[in-house]
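Next comes entry-v2.cif, a file with mmCIF, C-alpha atoms.
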data_upload
loop_
_atom_site.label_atom_id
_atom_site.label_comp_id
_atom_site.auth_asym_id
_atom_site.auth_seq_id
_atom_site.Cartn_x
_atom_site.Cartn_y
_atom_site.Cartn_z
CA MET X 1 82.01 123.72 -201.90
CA ASN X 2 79.09 126.16 -201.60
CA ALA X 3 75.95 125.09 -199.78
CA SER X 4 73.62 124.67 -202.77
CA LEU X 5 76.14 122.61 -204.71
CA ALA X 6 76.86 120.43 -201.67
CA GLU X 7 73.13 119.87 -201.18
CA THR X 8 72.63 118.96 -204.84
CA LEU X 9 75.58 116.56 -204.86
CA SER X 10 74.50 114.88 -201.63
CA VAL X 11 70.94 114.31 -202.84
CA ALA X 12 72.18 113.06 -206.21
CA MET X 13 74.51 110.57 -204.54
CA LEU X 14 71.72 109.32 -202.27
CA VAL X 15 69.42 108.77 -205.26
CA LEU X 16 72.24 106.98 -207.09
CA VAL X 17 73.02 104.73 -204.14
CA LEU X 18 69.38 103.78 -203.62
CA ALA X 19 68.85 103.17 -207.33
CA GLY X 20 71.91 100.95 -207.35
CA ALA X 21 70.55 98.97 -204.41
CA VAL X 22 67.22 98.46 -206.17
CA VAL X 23 68.51 97.66 -209.65
CA ARG X 24 71.89 96.10 -208.79
CA PRO X 25 73.28 96.46 -212.34
CA PHE X 26 75.01 93.32 -213.64
CA GLY X 27 74.22 91.68 -210.29
CA LEU X 28 76.95 93.69 -208.57
CA PRO X 29 76.84 94.18 -204.78
CA GLU X 30 75.21 97.37 -203.50
CA ALA X 31 78.58 98.54 -202.18
CA VAL X 32 80.03 98.92 -205.70
CA ILE X 33 78.06 102.15 -206.14
CA ALA X 34 77.64 103.17 -202.49
CA VAL X 35 81.32 103.19 -201.50
CA PRO X 36 82.51 105.49 -204.36
CA ALA X 37 79.51 107.76 -203.70
CA ALA X 38 80.48 108.06 -200.03
CA ALA X 39 84.10 108.73 -200.98
CA LEU X 40 82.96 111.46 -203.39
CA VAL X 41 80.87 113.38 -200.84
CA VAL X 42 83.83 113.36 -198.44
CA ALA X 43 86.43 114.23 -201.10
CA THR X 44 84.40 117.19 -202.39
CA GLY X 45 83.66 118.56 -198.93
CA ALA X 46 79.90 117.89 -199.04
CA LEU X 47 80.60 115.89 -195.87
CA SER X 48 83.44 117.04 -193.67
CA PRO X 49 86.06 114.44 -192.66
CA ALA X 50 85.22 115.09 -188.99
CA HIS X 51 81.53 114.34 -189.53
CA ALA X 52 82.41 111.32 -191.67
CA LEU X 53 84.56 109.95 -188.85
CA ASP X 54 81.85 110.68 -186.30
CA GLU X 55 79.27 108.81 -188.39
CA ALA X 56 81.63 105.86 -188.90
CA GLU X 57 82.24 105.64 -185.15
CA ARG X 58 78.49 105.72 -184.52
CA LEU X 59 77.74 103.02 -187.08
CA GLY X 60 80.77 100.83 -186.33
CA PRO X 61 79.34 98.89 -183.36
CA VAL X 62 75.99 98.51 -185.11
CA ILE X 63 77.65 97.07 -188.22
CA GLY X 64 79.73 94.70 -186.10
CA PHE X 65 76.57 93.56 -184.35
CA LEU X 66 74.86 92.97 -187.69
CA ALA X 67 77.79 90.88 -188.93
CA ALA X 68 77.67 88.67 -185.84
CA VAL X 69 73.90 88.13 -186.11
CA LEU X 70 74.16 87.25 -189.82
CA VAL X 71 76.81 84.63 -189.05
CA LEU X 72 74.75 83.30 -186.14
CA ALA X 73 71.68 82.91 -188.37
CA GLN X 74 73.64 81.11 -191.10
CA LEU X 75 75.20 78.72 -188.60
CA CYS X 76 71.74 77.95 -187.19
CA ASP X 77 70.68 77.08 -190.72
CA ASP X 78 73.73 74.85 -191.13
CA GLU X 79 72.75 73.09 -187.90
CA GLY X 80 69.34 72.28 -189.42
CA LEU X 81 67.17 74.75 -187.51
CA PHE X 82 65.23 75.96 -190.54
CA GLN X 83 64.81 72.47 -191.95
CA ALA X 84 63.33 71.38 -188.63
CA CYS X 85 61.07 74.45 -188.71
CA GLY X 86 59.79 73.50 -192.17
CA ALA X 87 59.06 69.93 -191.05
CA TRP X 88 57.18 71.25 -188.01
CA MET X 89 55.06 73.56 -190.18
CA ALA X 90 54.21 70.76 -192.63
CA ARG X 91 53.35 68.30 -189.87
CA THR X 92 51.21 70.63 -187.75
CA ALA X 93 49.43 72.21 -190.74
CA ALA X 94 47.91 68.78 -191.48
CA GLY X 95 47.10 69.73 -195.07
CA ARG X 96 45.15 72.85 -194.12
CA PRO X 97 46.43 76.07 -195.81
CA ARG X 98 44.89 78.36 -193.19
CA ARG X 99 46.66 76.50 -190.45
CA LEU X 100 49.88 76.60 -192.47
CA LEU X 101 49.54 80.38 -192.71
CA GLY X 102 49.28 80.54 -188.93
CA GLN X 103 52.39 78.39 -188.56
CA VAL X 104 54.30 80.59 -191.01
CA PHE X 105 53.25 83.68 -189.03
CA LEU X 106 54.47 82.07 -185.80
CA ALA X 107 57.77 80.90 -187.27
CA ALA X 108 58.50 84.11 -189.19
CA SER X 109 57.64 86.31 -186.21
CA ALA X 110 59.91 84.35 -183.87
CA ILE X 111 62.80 84.07 -186.34
CA THR X 112 62.60 87.75 -187.28
CA ALA X 113 62.54 88.84 -183.65
CA VAL X 114 65.42 86.63 -182.49
CA LEU X 115 67.67 86.13 -185.55
CA SER X 116 66.80 89.33 -187.47
CA LEU X 117 64.70 89.96 -190.54
CA ASP X 118 67.51 88.81 -192.85
CA ALA X 119 67.15 85.27 -191.52
CA THR X 120 63.44 85.30 -192.36
CA VAL X 121 63.97 86.61 -195.87
CA VAL X 122 67.05 84.63 -196.85
CA LEU X 123 66.67 81.38 -194.89
CA LEU X 124 62.98 80.92 -194.09
CA THR X 125 61.48 81.97 -197.45
CA PRO X 126 63.00 79.00 -199.35
CA VAL X 127 61.81 76.66 -196.57
CA VAL X 128 58.27 78.05 -196.89
CA PHE X 129 58.36 77.48 -200.66
CA ALA X 130 59.42 73.87 -200.09
CA THR X 131 56.80 73.32 -197.37
CA ALA X 132 53.96 74.67 -199.53
CA ALA X 133 55.10 72.47 -202.45
CA ARG X 134 55.24 69.45 -200.16
CA LEU X 135 51.63 70.04 -199.11
CA GLY X 136 50.41 71.03 -202.57
CA ALA X 137 49.28 74.40 -201.19
CA ARG X 138 49.39 77.63 -203.13
CA PRO X 139 52.61 79.33 -201.95
CA LYS X 140 51.62 82.98 -202.42
CA PRO X 141 50.00 83.76 -199.01
CA HIS X 142 52.78 82.04 -197.10
CA VAL X 143 55.61 83.53 -199.12
CA TYR X 144 54.12 87.04 -198.91
CA ALA X 145 53.92 86.52 -195.15
CA CYS X 146 57.70 86.14 -195.05
CA THR X 147 58.34 89.59 -196.49
CA HIS X 148 55.62 91.36 -194.50
CA LEU X 149 56.73 89.79 -191.23
CA SER X 150 60.40 90.41 -191.94
CA ASN X 151 59.42 94.07 -191.59
CA THR X 152 56.48 94.11 -189.18
CA ALA X 153 57.73 91.42 -186.80
CA SER X 154 61.10 93.13 -186.47
CA LEU X 155 59.66 95.56 -183.92
CA LEU X 156 60.26 93.48 -180.80
CA LEU X 157 63.98 93.40 -179.96
CA PRO X 158 66.93 95.70 -180.63
CA VAL X 159 68.57 92.83 -182.55
CA SER X 160 65.61 92.20 -184.87
CA ASN X 161 66.52 94.81 -187.46
CA LEU X 162 69.36 97.14 -188.35
CA THR X 163 66.98 100.06 -187.88
CA ASN X 164 66.30 98.81 -184.33
CA LEU X 165 70.01 98.68 -183.55
CA LEU X 166 70.37 102.29 -184.62
CA ALA X 167 67.30 103.37 -182.64
CA PHE X 168 68.36 101.36 -179.59
CA ALA X 169 71.63 103.26 -179.46
CA ALA X 170 69.78 106.58 -179.68
CA SER X 171 66.94 105.75 -177.29
CA GLY X 172 68.90 105.36 -174.05
CA LEU X 173 66.74 102.33 -173.16
CA THR X 174 67.97 99.06 -171.75
CA PHE X 175 67.46 95.88 -173.78
CA THR X 176 64.64 94.69 -171.53
CA ARG X 177 62.79 98.03 -171.41
CA PHE X 178 63.02 98.34 -175.19
CA ALA X 179 61.48 94.86 -175.54
CA ALA X 180 58.82 95.58 -172.91
CA LEU X 181 57.70 98.78 -174.63
CA MET X 182 57.62 97.18 -178.07
CA ALA X 183 55.95 93.88 -177.09
CA LEU X 184 52.38 95.18 -177.32
CA PRO X 185 52.92 97.09 -180.62
CA TRP X 186 54.63 93.95 -182.00
CA LEU X 187 51.66 91.75 -181.10
CA ALA X 188 49.10 94.30 -182.33
CA ALA X 189 50.78 94.78 -185.72
CA ILE X 190 51.18 91.04 -186.30
CA ALA X 191 47.56 90.35 -185.34
CA VAL X 192 46.29 92.95 -187.81
CA GLU X 193 48.57 91.58 -190.54
CA TYR X 194 47.21 88.08 -189.92
CA ALA X 195 43.60 89.24 -190.19
CA VAL X 196 44.36 91.09 -193.42
CA PHE X 197 46.16 88.07 -194.92
CA ARG X 198 43.26 85.74 -194.07
CA ARG X 199 40.86 88.03 -195.91
CA PHE X 200 43.10 89.10 -198.81
CA PHE X 201 44.24 85.57 -199.71
CA ALA X 202 40.93 83.82 -198.95
CA THR X 203 40.74 82.21 -202.40
CA ASP X 204 44.27 80.79 -202.19
CA LEU X 205 43.72 79.57 -198.65
CA ASP X 206 40.46 77.84 -199.60
CA ALA X 207 42.09 75.97 -202.49
CA GLY X 208 43.07 73.07 -200.24
CA ALA X 209 46.20 71.00 -199.80
CA GLN X 210 47.19 67.54 -198.70
CA ALA X 211 48.63 66.15 -195.49
CA PRO X 212 52.36 65.39 -195.69
CA THR X 213 53.45 61.80 -196.15
CA ALA X 214 54.67 60.09 -193.03
CA GLY X 215 58.41 60.21 -192.52
CA ASP X 216 61.09 60.76 -189.97
CA ALA X 217 61.15 64.32 -188.69
CA PRO X 218 64.59 65.94 -188.71
CA ALA X 219 66.25 66.10 -185.31
CA LEU X 220 65.80 69.36 -183.43
CA PRO X 221 69.17 71.16 -183.26
CA LEU X 222 69.26 71.54 -179.49
CA PHE X 223 72.80 72.89 -179.36
CA ALA X 224 71.89 75.71 -181.75
CA LEU X 225 68.70 76.49 -179.83
CA VAL X 226 70.52 76.58 -176.49
CA THR X 227 73.22 78.82 -177.98
CA VAL X 228 70.61 81.24 -179.33
CA GLY X 229 68.86 81.26 -175.95
CA CYS X 230 72.14 81.99 -174.16
CA THR X 231 72.89 84.73 -176.68
CA LEU X 232 69.55 86.40 -175.94
CA ALA X 233 70.28 86.17 -172.22
CA GLY X 234 73.65 87.72 -173.00
CA PHE X 235 71.94 90.66 -174.72
CA VAL X 236 69.94 91.33 -171.57
CA ALA X 237 72.95 90.91 -169.24
CA THR X 238 75.35 93.09 -171.26
CA SER X 239 72.75 95.83 -171.62
CA ALA X 240 72.11 95.79 -167.86
CA ILE X 241 75.79 96.28 -167.00
CA GLY X 242 76.47 98.85 -169.70
CA VAL X 243 78.45 96.62 -172.08
CA ASP X 244 77.75 96.74 -175.82
CA PRO X 245 75.38 93.81 -176.64
CA ALA X 246 77.46 93.18 -179.75
CA TRP X 247 79.83 91.20 -177.53
CA ALA X 248 77.04 88.76 -176.71
CA ALA X 249 76.28 88.37 -180.42
CA PHE X 250 79.95 87.72 -181.16
CA ALA X 251 80.10 85.16 -178.37
CA GLY X 252 77.06 83.26 -179.67
CA ALA X 253 78.35 83.28 -183.23
CA ALA X 254 81.82 82.20 -182.04
CA VAL X 255 80.47 79.20 -180.12
CA LEU X 256 78.59 77.87 -183.14
CA ALA X 257 81.44 78.76 -185.49
CA VAL X 258 84.08 76.91 -183.48
CA ARG X 259 81.83 73.86 -183.23
CA ALA X 260 81.08 73.91 -186.97
CA LEU X 261 84.78 74.35 -187.86
CA LEU X 262 85.84 71.48 -185.60
CA ARG X 263 83.20 69.24 -187.18
CA ARG X 264 84.19 70.43 -190.68
CA ARG X 265 80.65 71.64 -191.36
CA THR X 266 81.85 75.06 -192.43
CA THR X 267 84.98 76.92 -193.47
CA ALA X 268 86.50 80.31 -192.71
CA LYS X 269 85.50 81.44 -196.21
CA ALA X 270 81.89 80.39 -195.61
CA LEU X 271 81.81 82.33 -192.35
CA LEU X 272 83.17 85.40 -194.11
CA ASN X 273 80.51 85.04 -196.81
CA ALA X 274 77.83 84.72 -194.11
CA ALA X 275 78.98 88.02 -192.59
CA SER X 276 78.17 89.65 -195.96
CA VAL X 277 81.07 92.10 -195.92
CA PRO X 278 79.96 93.92 -199.11
CA PHE X 279 76.56 94.58 -197.53
CA LEU X 280 78.23 95.87 -194.36
CA ALA X 281 80.31 98.24 -196.51
CA PHE X 282 77.10 99.36 -198.21
CA VAL X 283 75.49 100.15 -194.85
CA LEU X 284 78.47 102.26 -193.79
CA ALA X 285 78.66 104.07 -197.13
CA LEU X 286 74.92 104.72 -197.15
CA GLY X 287 75.20 106.16 -193.63
CA LEU X 288 77.88 108.60 -194.80
CA VAL X 289 75.84 109.71 -197.81
CA VAL X 290 72.74 110.21 -195.65
CA ARG X 291 74.81 112.21 -193.16
CA ALA X 292 75.89 114.46 -196.03
CA VAL X 293 72.26 115.02 -197.04
CA VAL X 294 71.32 115.78 -193.44
CA ASP X 295 74.22 118.18 -192.96
CA ASN X 296 73.23 120.05 -196.10
CA GLY X 297 69.68 120.98 -195.19
CA LEU X 298 67.42 117.92 -194.95
CA ASP X 299 67.39 118.02 -191.15
CA THR X 300 66.16 121.61 -191.23
CA ALA X 301 63.38 120.80 -193.70
CA LEU X 302 62.20 117.69 -191.86
CA GLY X 303 62.58 119.35 -188.46
CA ARG X 304 59.58 121.54 -189.30
CA LEU X 305 57.46 118.43 -189.92
CA VAL X 306 58.35 116.34 -186.85
CA PRO X 307 55.65 116.71 -184.16
CA ASP X 308 56.70 117.64 -180.64
CA GLY X 309 55.99 115.47 -177.63
CA THR X 310 54.94 111.87 -177.16
CA GLY X 311 51.16 112.12 -176.91
CA LEU X 312 49.02 109.87 -179.09
CA ALA X 313 48.68 112.46 -181.87
CA ALA X 314 52.42 113.19 -181.86
CA LEU X 315 53.34 109.50 -181.92
CA PHE X 316 50.96 108.95 -184.81
CA GLY X 317 52.39 111.92 -186.73
CA ILE X 318 55.98 110.72 -186.23
CA ALA X 319 55.11 107.16 -187.30
CA VAL X 320 53.30 108.33 -190.44
CA LEU X 321 56.15 110.67 -191.38
CA ALA X 322 58.64 107.82 -190.91
CA ALA X 323 56.52 105.45 -193.00
CA VAL X 324 56.21 107.95 -195.84
CA LEU X 325 59.94 108.72 -195.76
CA ALA X 326 60.79 105.00 -195.73
CA ASN X 327 58.83 104.48 -198.93
CA VAL X 328 60.43 107.51 -200.57
CA ILE X 329 64.09 106.97 -199.67
CA ASN X 330 64.10 103.47 -198.08
CA ASN X 331 63.78 102.69 -194.38
CA LEU X 332 67.48 102.69 -193.48
CA PRO X 333 68.16 106.26 -194.70
CA ALA X 334 64.84 107.30 -193.17
CA VAL X 335 65.82 106.14 -189.69
CA LEU X 336 69.27 107.71 -190.01
CA VAL X 337 67.63 111.04 -190.88
CA LEU X 338 64.85 110.97 -188.28
CA LEU X 339 66.67 109.71 -185.19
CA PRO X 340 68.61 112.94 -184.52
CA LEU X 341 65.37 114.92 -184.96
CA THR X 342 63.33 112.82 -182.52
CA ALA X 343 65.82 111.66 -179.88
CA GLY X 344 65.39 114.90 -177.95
CA SER X 345 61.70 114.14 -177.39
CA GLY X 346 62.53 110.92 -175.57
CA PRO X 347 62.39 107.16 -176.20
CA GLY X 348 58.70 107.24 -177.14
CA ALA X 349 59.38 109.39 -180.20
CA VAL X 350 62.31 107.18 -181.23
CA LEU X 351 60.14 104.06 -180.97
CA ALA X 352 57.42 105.77 -183.03
CA VAL X 353 60.00 106.26 -185.77
CA LEU X 354 60.65 102.51 -185.64
CA LEU X 355 56.96 101.76 -186.09
CA GLY X 356 56.96 103.83 -189.26
CA VAL X 357 60.19 102.55 -190.78
CA ASN X 358 59.50 98.89 -189.93
CA ILE X 359 55.79 98.62 -190.81
CA GLY X 360 55.68 101.27 -193.55
CA PRO X 361 58.01 99.46 -196.03
CA ASN X 362 55.35 96.79 -196.63
CA LEU X 363 53.63 99.32 -198.88
CA THR X 364 56.19 99.38 -201.72
CA TYR X 365 59.00 97.26 -203.14
CA ALA X 366 61.60 99.91 -202.39
CA GLY X 367 60.56 100.47 -198.78
CA SER X 368 63.22 98.21 -197.28
CA LEU X 369 66.32 96.34 -198.36
CA ALA X 370 64.74 93.15 -197.02
CA THR X 371 61.85 93.42 -199.47
CA LEU X 372 64.24 93.95 -202.37
CA LEU X 373 66.15 90.85 -201.34
CA TRP X 374 62.91 88.89 -200.94
CA ARG X 375 61.92 89.75 -204.51
CA ARG X 376 65.13 88.25 -205.83
CA ILE X 377 64.56 85.05 -203.85
CA VAL X 378 60.98 84.75 -205.08
CA HIS X 379 62.05 85.23 -208.69
CA ALA X 380 64.69 82.55 -208.23
CA HIS X 381 61.81 80.15 -207.42
CA ASP X 382 60.04 81.07 -210.69
CA THR X 383 57.20 82.83 -208.88
CA GLU X 384 55.80 86.13 -210.11
CA VAL X 385 55.39 89.09 -207.77
CA ARG X 386 52.94 91.53 -209.30
CA LEU X 387 53.39 95.16 -208.34
CA GLY X 388 49.65 95.83 -208.25
CA GLU X 389 48.93 92.92 -205.94
CA PHE X 390 51.84 93.75 -203.64
CA THR X 391 50.69 97.37 -203.39
CA ARG X 392 47.02 96.47 -202.80
CA LEU X 393 48.02 94.15 -199.97
CA GLY X 394 50.15 96.94 -198.52
CA LEU X 395 47.31 99.44 -198.73
CA TYR X 396 45.13 97.12 -196.67
CA ALA X 397 47.79 96.04 -194.17
CA VAL X 398 50.05 99.04 -193.55
CA PRO X 399 47.58 101.75 -192.39
CA ALA X 400 45.66 99.32 -190.18
CA SER X 401 48.71 97.71 -188.58
CA LEU X 402 50.46 101.06 -188.15
CA CYS X 403 47.44 102.57 -186.36
CA ALA X 404 47.13 99.54 -184.09
CA ALA X 405 50.84 99.63 -183.27
CA VAL X 406 50.85 103.37 -182.49
CA VAL X 407 47.92 103.01 -180.08
CA ALA X 408 49.66 100.01 -178.48
CA LEU X 409 52.91 101.99 -178.09
CA TRP X 410 51.04 104.91 -176.52
CA ALA X 411 49.44 102.48 -174.05
CA SER X 412 52.79 100.83 -173.28
CA LEU X 413 54.41 104.19 -172.58
CA ALA X 414 51.55 105.13 -170.28
CA VAL X 415 51.79 101.88 -168.31
CA ILE X 416 55.53 101.13 -168.34
CA GLY X 417 56.98 104.59 -168.86
CA GLY X 418 59.73 105.56 -171.25
CA GLY X 419 62.37 106.46 -168.70
#
Could you render the structure from this file as structure tokens?
Amino acid sequence: MNASLAETLSVAMLVLVLAGAVVRPFGLPEAVIAVPAAALVVATGALSPAHALDEAERLGPVIGFLAAVLVLAQLCDDEGLFQACGAWMARTAAGRPRRLLGQVFLAASAITAVLSLDATVVLLTPVVFATAARLGARPKPHVYACTHLSNTASLLLPVSNLTNLLAFAASGLTFTRFAALMALPWLAAIAVEYAVFRRFFATDLDAGAQAPTAGDAPALPLFALVTVGCTLAGFVATSAIGVDPAWAAFAGAAVLAVRALLRRRTTAKALLNAASVPFLAFVLALGLVVRAVVDNGLDTALGRLVPDGTGLAALFGIAVLAAVLANVINNLPAVLVLLPLTAGSGPGAVLAVLLGVNIGPNLTYAGSLATLLWRRIVHAHDTEVRLGEFTRLGLYAVPASLCAAVVALWASLAVIGGG
């Protein structure tokens, strides 16, 4: 296949795959369109079999890690972790919507960081709906916080987001150094988001609510909490000794899975569903299609736009470019495209890409897969998400939080170092 035809086919397949992920015709899984598209770019020669195999080998451990974390999050939900979280939010909010917003920010930030953004979108959002209804509070500020924090609060750990897993592999950082460098940007971005939410949703937050009726609080699932804590410790230990952290994720998921199976609280089929195999196939197929686009000229075009170095101006330029690209082609393809172009500049440039692709998607519906999934959950609760309102909130929150995070990353690199 000649170069121009290969480029045209690759771009067309990427547009088709992303459109399928957004629209999901007939409610079909994203993989139904993505897998044939990936097969087509390989079969026609737009992506060579060698490069396809190389990309599959690169994404394989990341996809396995994602599967383990998804199962771990679902098993934590089965153990009652999210129900206990909802009861805690209702009790400590004491009928005050502004305090409830703070509790949602705390819960969503912690859950996103430790159990990944999918847990916040899929498992916490329904709990937040129920908690707001229980208190008679307007749900909008708290529900919007779930989607914004599923993106913004995923900056902290390599396990918080699929984009982080990809960047972690390319950065050469250890688990602890990654977390240390991203801690200040994580805090800065969340703080700015919180200030914006307090101002943007002032009317809803001033509407009032009622204190929850007295009742027995659900028991805290200590076994699940201890398992998650040990899994996090396992991430640090495996990274330190050069073992893929995916093994720690598998171990944590296996412990909870065996316990749930023995107690007949789950089934093998439920565990398979929790792993979301069609979504994992979509991720792999999307990676292959993006690799085809990169191989056929996109890397050359973008290479001229990526700033050199890791000074403040360069970090800002990389983050803005990543944010724009995330809103144009979605954050997962954006990180796949930008990582090879920035890895040579060092870990600081790679982390700047993460700032852009994790914070930037809060600007538009199509910026991240998590936001698309959040929209479906919100609609299932008969709540309207207006495009204009979502975009206005993003215009206030994204530039401010992105600037704060870039400055915080620059400071972290100066103090801690990126080596």
- Message: Taking all atoms listed in the file into account, name the residue in X:Val11, X:Ala130, X:Thr147, X:Asn164 that is nearest to X:Ala37.
- Response: X:Val11
- Item | Top pick for closest residue to X:Asn2, considering X:Val71, X:Asn296, X:Ile241, X:Val277 and counting only C-alpha atoms |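 Smallest distance to X:Asn2 is found for X:Asn296.
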- Message: For X:Ala334, find every residue with an atom within 9 Å (counting all atoms listed in the file), except residues of its own chain fewer than 3 positions away, and show them as a list of chain:residue names.
- Response: X:Val290, X:Ala322, X:Ala323, X:Leu325, X:Ala326, X:Asn327, X:Val328, X:Ile329, X:Asn330, X:Asn331, X:Val337, X:Leu338, X:Leu339, X:Val353, X:Val357
Those same residues - C-alpha atoms - I'd like them written as a PDB file, in the frame of the given file.
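The resulting file, result06.pdb, is shown below:
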ATOM      1  CA  VAL X 290      72.740 110.210-195.650  1.00  0.00           C
ATOM      2  CA  ALA X 322      58.640 107.820-190.910  1.00  0.00           C
ATOM      3  CA  ALA X 323      56.520 105.450-193.000  1.00  0.00           C
ATOM      4  CA  LEU X 325      59.940 108.720-195.760  1.00  0.00           C
ATOM      5  CA  ALA X 326      60.790 105.000-195.730  1.00  0.00           C
ATOM      6  CA  ASN X 327      58.830 104.480-198.930  1.00  0.00           C
ATOM      7  CA  VAL X 328      60.430 107.510-200.570  1.00  0.00           C
ATOM      8  CA  ILE X 329      64.090 106.970-199.670  1.00  0.00           C
ATOM      9  CA  ASN X 330      64.100 103.470-198.080  1.00  0.00           C
ATOM     10  CA  ASN X 331      63.780 102.690-194.380  1.00  0.00           C
ATOM     11  CA  VAL X 337      67.630 111.040-190.880  1.00  0.00           C
ATOM     12  CA  LEU X 338      64.850 110.970-188.280  1.00  0.00           C
ATOM     13  CA  LEU X 339      66.670 109.710-185.190  1.00  0.00           C
ATOM     14  CA  VAL X 353      60.000 106.260-185.770  1.00  0.00           C
ATOM     15  CA  VAL X 357      60.190 102.550-190.780  1.00  0.00           C
TER      16      VAL X 357
END
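The space separating atom CA of X:Leu413 from atom CA of X:Pro61 comes to 27.7 Å.
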- Between X:Ala107, X:Ala68, X:Leu262, X:Ala38, single out the one closest to X:Cys146, counting only C-alpha atoms. X:Ala107
- Could you work out how far atom CA of X:Glu55 lies from atom CA of X:Leu156, giving the answer in Å with one decimal? 25.6 Å
